[in-house]
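Accompanying notes for the structure given below.
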Amino acid sequence: MEERKPRGFTSRMTTLERAAALGYIPVHVYLLPKLLGALPFLRALDTATLNAIYYAVGTAFMLIFLWRFLRREFDALCDYGPAALLEIAKAYGTLLLCNLVINLALLAIERTDNPNNAAIFSMAGENLSRTAAIAVFLAPLVEEPMFRGGVFGLVRKYSRAAAYGASMLLFAVYHVWSFAAQDPTAWLYVLQYLPAGFLLARVYEKTDSIWTGIFLHMTVNGVSMLIVSALGAYL
């Protein structure tokens with residue numbers, strides 16, 4: 001049997017698809033939360049439900065405007081084959097190790113209260129199944145096309161190092177900026193998201209398919225939700 005040769009990275013986003021992915025970032029990060037918060041009939045809803053609506057809008061946007069891109073990327077995943085599972089497993093193991101090191105460093109300076117994690121735990125207390133659906137299914141389908149497909153795919157055409165740096169930093173800032181606006185010390189938690197940002201971009205690049213990053217993202221969030229569920233039951 002002929003050995004398969006590794007392929008180079010190919011960004012399959014068209015110009016219009018990339019414009020949609022990048023254009024949705026300010027909508028997702030700033031405009032949509034403002035809009036949802038301004039609608040009177042939504043104010044009575046709990047945080048988990050509001051976030052489910054927020055991410056459902058984003059998922060619908062991606063499926064409508066990036067459906068062909070996602071379809072092409074799924075074909076690429078099938079071409080890569082079962083080895084994609086190994087890449088996901090290796091990336092997840094590396095992420096666990098990186099998180100251990102970073103969390104120990106934060107523990108040494110008595111900073112363990114990541115506000116984003118606290119918000120997720122609070123939402124899970126309100127509605128675990130809805131929070132799990134957001135974290136495991138909706139968030140990866142929104143965030144991977146934006147940060148890896150849009151940002152990484154665009155910048156990599158000019159600089160591989162800059163592509164990693166830009167996608168990692170934007171992904172990390174996205175998770176903490178709203179908390180840091182109230183407490184600037186929350187910027188420290190950017191460190192916790194940089195390894196994930198790197199590894200999500202890495203599996204995308206290595207397998208040449210956005211779906212590998214999506215499935216890795218789903219795996220990371222899924223395991224986290226299982227831990228949250230177990231802690232909730234214990235507490």
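By convention here, the chains of the structure tokens are called A, B, ... in the order presented, each chain's residues are numbered starting at 1, and ligands are numbered starting at 1 in the order presented.
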- Message: Give me, as a PyMOL selection string, the residues of segment 109-207 of chain A that a backbone DSSP run labels helix (DSSP H, G or I).
- Response: chain A and resi 115-126+128-155+160-180+184-192+194-207
Taking only C-alpha atoms into account, produce a table as JSON lines in which each residue of segment 69-183 of chain A with an atom at most 7 Å from an atom of segment 39-60 of chain A appears once, together with its shortest atom pair and the distance in Å to one decimal, ordered by chain and rising number.
{"residue": "A:Met123", "atom": "CA", "partner": "A:Ala48", "partner_atom": "CA", "distance": 5.1}
{"residue": "A:Glu126", "atom": "CA", "partner": "A:Ala48", "partner_atom": "CA", "distance": 6.6}
{"residue": "A:Asn127", "atom": "CA", "partner": "A:Ala48", "partner_atom": "CA", "distance": 6.2}
{"residue": "A:Arg130", "atom": "CA", "partner": "A:Ala48", "partner_atom": "CA", "distance": 6.5}
{"residue": "A:Thr131", "atom": "CA", "partner": "A:Ala48", "partner_atom": "CA", "distance": 5.9}
{"residue": "A:Ile134", "atom": "CA", "partner": "A:Ala52", "partner_atom": "CA", "distance": 6.0}
{"residue": "A:Leu138", "atom": "CA", "partner": "A:Tyr55", "partner_atom": "CA", "distance": 5.9}
{"residue": "A:Ala139", "atom": "CA", "partner": "A:Tyr55", "partner_atom": "CA", "distance": 6.4}
{"residue": "A:Leu141", "atom": "CA", "partner": "A:Thr59", "partner_atom": "CA", "distance": 6.1}
{"residue": "A:Val142", "atom": "CA", "partner": "A:Thr59", "partner_atom": "CA", "distance": 5.5}
Would you save the residues of that selection, restricted to C-alpha atoms, as a PDB file, in the first residue's frame?
ATOM      1  CA  MET A 123     -25.041  28.930  34.274  1.00  0.00           C
ATOM      2  CA  GLU A 126     -29.320  27.340  36.429  1.00  0.00           C
ATOM      3  CA  ASN A 127     -29.666  24.871  33.568  1.00  0.00           C
ATOM      4  CA  ARG A 130     -28.679  24.067  28.176  1.00  0.00           C
ATOM      5  CA  THR A 131     -25.204  25.128  29.305  1.00  0.00           C
ATOM      6  CA  ILE A 134     -23.879  25.747  24.393  1.00  0.00           C
ATOM      7  CA  LEU A 138     -22.856  25.682  19.699  1.00  0.00           C
ATOM      8  CA  ALA A 139     -19.703  27.482  20.875  1.00  0.00           C
ATOM      9  CA  LEU A 141     -19.351  25.869  15.646  1.00  0.00           C
ATOM     10  CA  VAL A 142     -19.268  29.636  16.143  1.00  0.00           C
TER      11      VAL A 142
END
- Item | Exercise: Val151 of chain A partners within 10 Å, only C-alpha atoms, chain neighbours under 3 positions left out, as a VMD selection string | chain A and resid 18 21 to 22 25 144 to 148 154 to 156 163 to 164 166 to 168 170 to 171
- Counting only C-alpha atoms, figure out which residue out of A:Leu97, A:Leu169, A:Met62, A:Leu216 gets nearest to Tyr193 of chain A. A:Leu169
- Message: Using only C-alpha atoms, can you tell me which of A:Asn99, A:Gln182, A:Ser224, A:Ser11 comes closest to Val136 of chain A?
- Response: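 Checking each candidate against Val136 of chain A, we get A:Ser224 as the closest.
The smallest atom-to-atom distance between Trp187 of chain A and any of A:Leu35, A:Ala172, A:Ala132, A:Leu200, using only C-alpha atoms, is found for A:Ala172.
Between Asn116 of chain A and the residues A:Gln192, A:Thr15, A:Ser159, A:Thr212, the shortest atom-to-atom distance, using only C-alpha atoms, involves A:Gln192.
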- Students should find that atom CA of Trp211 of chain A and atom CA of Gly165 of chain A are spaced 20.7 Å
- Interatomic distance, atom CA of Leu70 of chain A to atom CA of Ala162 of chain A (Å, one decimal):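 The value is 24.1 Å.
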- Give the answer as one residue: which of A:Leu63, A:Ala105, A:Leu95, A:Ala135 has the shortest atom-to-atom distance to Tyr189 of chain A, using only C-alpha atoms? A:Ala105
- Message: as a list of chain:residue names, please: the residues near Ala84 of chain A (cut-off 12 Å, only C-alpha atoms, same-chain neighbours under 2 positions excluded).
- Response: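 So, after excluding close chain neighbours, the residues are A:Phe74, A:Ala76, A:Leu77, A:Cys78, A:Asp79, A:Tyr80, A:Gly81, A:Pro82, A:Leu86, A:Glu87, A:Ile88, A:Ala89, A:Lys90, A:Ala91, A:Arg202, A:Val203, A:Tyr204, A:Glu205, A:Lys206, A:Thr207, A:Asp208, A:Ser209, A:Ile210, A:Trp211, A:Thr212, A:Gly213, A:Ile214, A:Phe215, A:Leu216.
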N, CA, C and O atoms of the current selection, written as a compact mmCIF listing (two decimals), in the first residue's frame:
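Result saved to result-v4.txt:
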# COMPACT_ATOMS: atom_id res chain seq x y z
N PHE A 74 -15.35 19.35 5.61
CA PHE A 74 -15.70 17.99 6.05
C PHE A 74 -15.17 16.96 5.06
O PHE A 74 -14.69 15.89 5.45
N ALA A 76 -12.48 17.37 3.39
CA ALA A 76 -11.04 17.33 3.68
C ALA A 76 -10.75 16.46 4.90
O ALA A 76 -9.76 15.73 4.95
N LEU A 77 -11.63 16.52 5.89
CA LEU A 77 -11.48 15.68 7.09
C LEU A 77 -11.57 14.21 6.71
O LEU A 77 -10.78 13.38 7.18
N CYS A 78 -12.53 13.88 5.87
CA CYS A 78 -12.68 12.49 5.41
C CYS A 78 -11.45 12.04 4.63
O CYS A 78 -11.02 10.88 4.75
N ASP A 79 -10.89 12.93 3.85
CA ASP A 79 -9.68 12.60 3.10
C ASP A 79 -8.50 12.32 4.04
O ASP A 79 -7.67 11.45 3.77
N TYR A 80 -8.42 13.08 5.13
CA TYR A 80 -7.33 12.90 6.08
C TYR A 80 -7.47 11.56 6.80
O TYR A 80 -6.48 10.90 7.11
N GLY A 81 -8.70 11.18 7.09
CA GLY A 81 -8.95 9.86 7.64
C GLY A 81 -8.89 9.78 9.16
O GLY A 81 -8.84 10.79 9.86
N PRO A 82 -8.87 8.53 9.68
CA PRO A 82 -8.89 8.31 11.13
C PRO A 82 -7.72 8.92 11.89
O PRO A 82 -7.78 9.08 13.11
N LEU A 86 -6.23 10.76 16.20
CA LEU A 86 -4.96 10.76 16.91
C LEU A 86 -4.47 12.19 17.16
O LEU A 86 -3.96 12.49 18.24
N GLU A 87 -4.66 13.06 16.17
CA GLU A 87 -4.26 14.46 16.33
C GLU A 87 -5.07 15.13 17.44
O GLU A 87 -4.53 15.91 18.24
N ILE A 88 -6.36 14.82 17.51
CA ILE A 88 -7.21 15.36 18.56
C ILE A 88 -6.75 14.86 19.93
O ILE A 88 -6.63 15.63 20.89
N ALA A 89 -6.45 13.56 20.02
CA ALA A 89 -6.00 12.98 21.29
C ALA A 89 -4.67 13.58 21.73
O ALA A 89 -4.50 13.91 22.91
N LYS A 90 -3.73 13.73 20.80
CA LYS A 90 -2.42 14.30 21.16
C LYS A 90 -2.58 15.76 21.60
O LYS A 90 -1.94 16.19 22.57
N ALA A 91 -3.41 16.51 20.89
CA ALA A 91 -3.61 17.92 21.24
C ALA A 91 -4.28 18.03 22.61
O ALA A 91 -3.90 18.91 23.42
N ARG A 202 -3.28 24.56 15.52
CA ARG A 202 -2.33 23.54 15.08
C ARG A 202 -3.03 22.34 14.44
O ARG A 202 -2.61 21.85 13.38
N VAL A 203 -4.10 21.85 15.07
CA VAL A 203 -4.78 20.70 14.48
C VAL A 203 -5.49 21.09 13.18
O VAL A 203 -5.61 20.28 12.26
N TYR A 204 -5.96 22.32 13.12
CA TYR A 204 -6.56 22.82 11.87
C TYR A 204 -5.51 22.82 10.76
O TYR A 204 -5.75 22.32 9.65
N GLU A 205 -4.36 23.34 11.07
CA GLU A 205 -3.28 23.41 10.08
C GLU A 205 -2.78 22.02 9.70
O GLU A 205 -2.58 21.72 8.51
N LYS A 206 -2.59 21.17 10.68
CA LYS A 206 -1.97 19.88 10.42
C LYS A 206 -2.88 18.93 9.65
O LYS A 206 -2.41 18.18 8.78
N THR A 207 -4.17 18.94 9.95
CA THR A 207 -5.10 18.04 9.27
C THR A 207 -5.75 18.69 8.06
O THR A 207 -6.43 18.01 7.30
N ASP A 208 -5.56 20.00 7.91
CA ASP A 208 -6.11 20.74 6.78
C ASP A 208 -7.64 20.72 6.77
O ASP A 208 -8.26 20.71 5.72
N SER A 209 -8.22 20.71 7.97
CA SER A 209 -9.68 20.73 8.07
C SER A 209 -10.12 21.44 9.34
O SER A 209 -9.64 21.10 10.44
N ILE A 210 -11.03 22.39 9.22
CA ILE A 210 -11.55 23.12 10.37
C ILE A 210 -12.30 22.19 11.32
O ILE A 210 -12.40 22.46 12.53
N TRP A 211 -12.79 21.07 10.79
CA TRP A 211 -13.59 20.16 11.62
C TRP A 211 -12.75 19.48 12.70
O TRP A 211 -13.28 19.14 13.76
N THR A 212 -11.47 19.29 12.47
CA THR A 212 -10.64 18.71 13.51
C THR A 212 -10.58 19.65 14.71
O THR A 212 -10.67 19.22 15.86
N GLY A 213 -10.44 20.95 14.44
CA GLY A 213 -10.47 21.94 15.52
C GLY A 213 -11.82 21.98 16.20
O GLY A 213 -11.91 22.11 17.43
N ILE A 214 -12.89 21.89 15.42
CA ILE A 214 -14.24 21.89 16.00
C ILE A 214 -14.41 20.71 16.94
O ILE A 214 -14.91 20.84 18.08
N PHE A 215 -13.99 19.52 16.50
CA PHE A 215 -14.15 18.32 17.33
C PHE A 215 -13.24 18.36 18.56
O PHE A 215 -13.62 17.88 19.63
N LEU A 216 -12.04 18.93 18.42
CA LEU A 216 -11.17 19.10 19.59
C LEU A 216 -11.82 20.06 20.58
O LEU A 216 -11.83 19.81 21.80
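The gap separating atom CA of Gly222 of chain A from atom CA of Ser129 of chain A is 11.6 Å, in Å to one decimal.
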- Item | Among listed residues A:Leu199, A:Val228, A:Leu188, A:Leu85, nearest Ile109 of chain A (using only C-alpha atoms) | A:Leu188
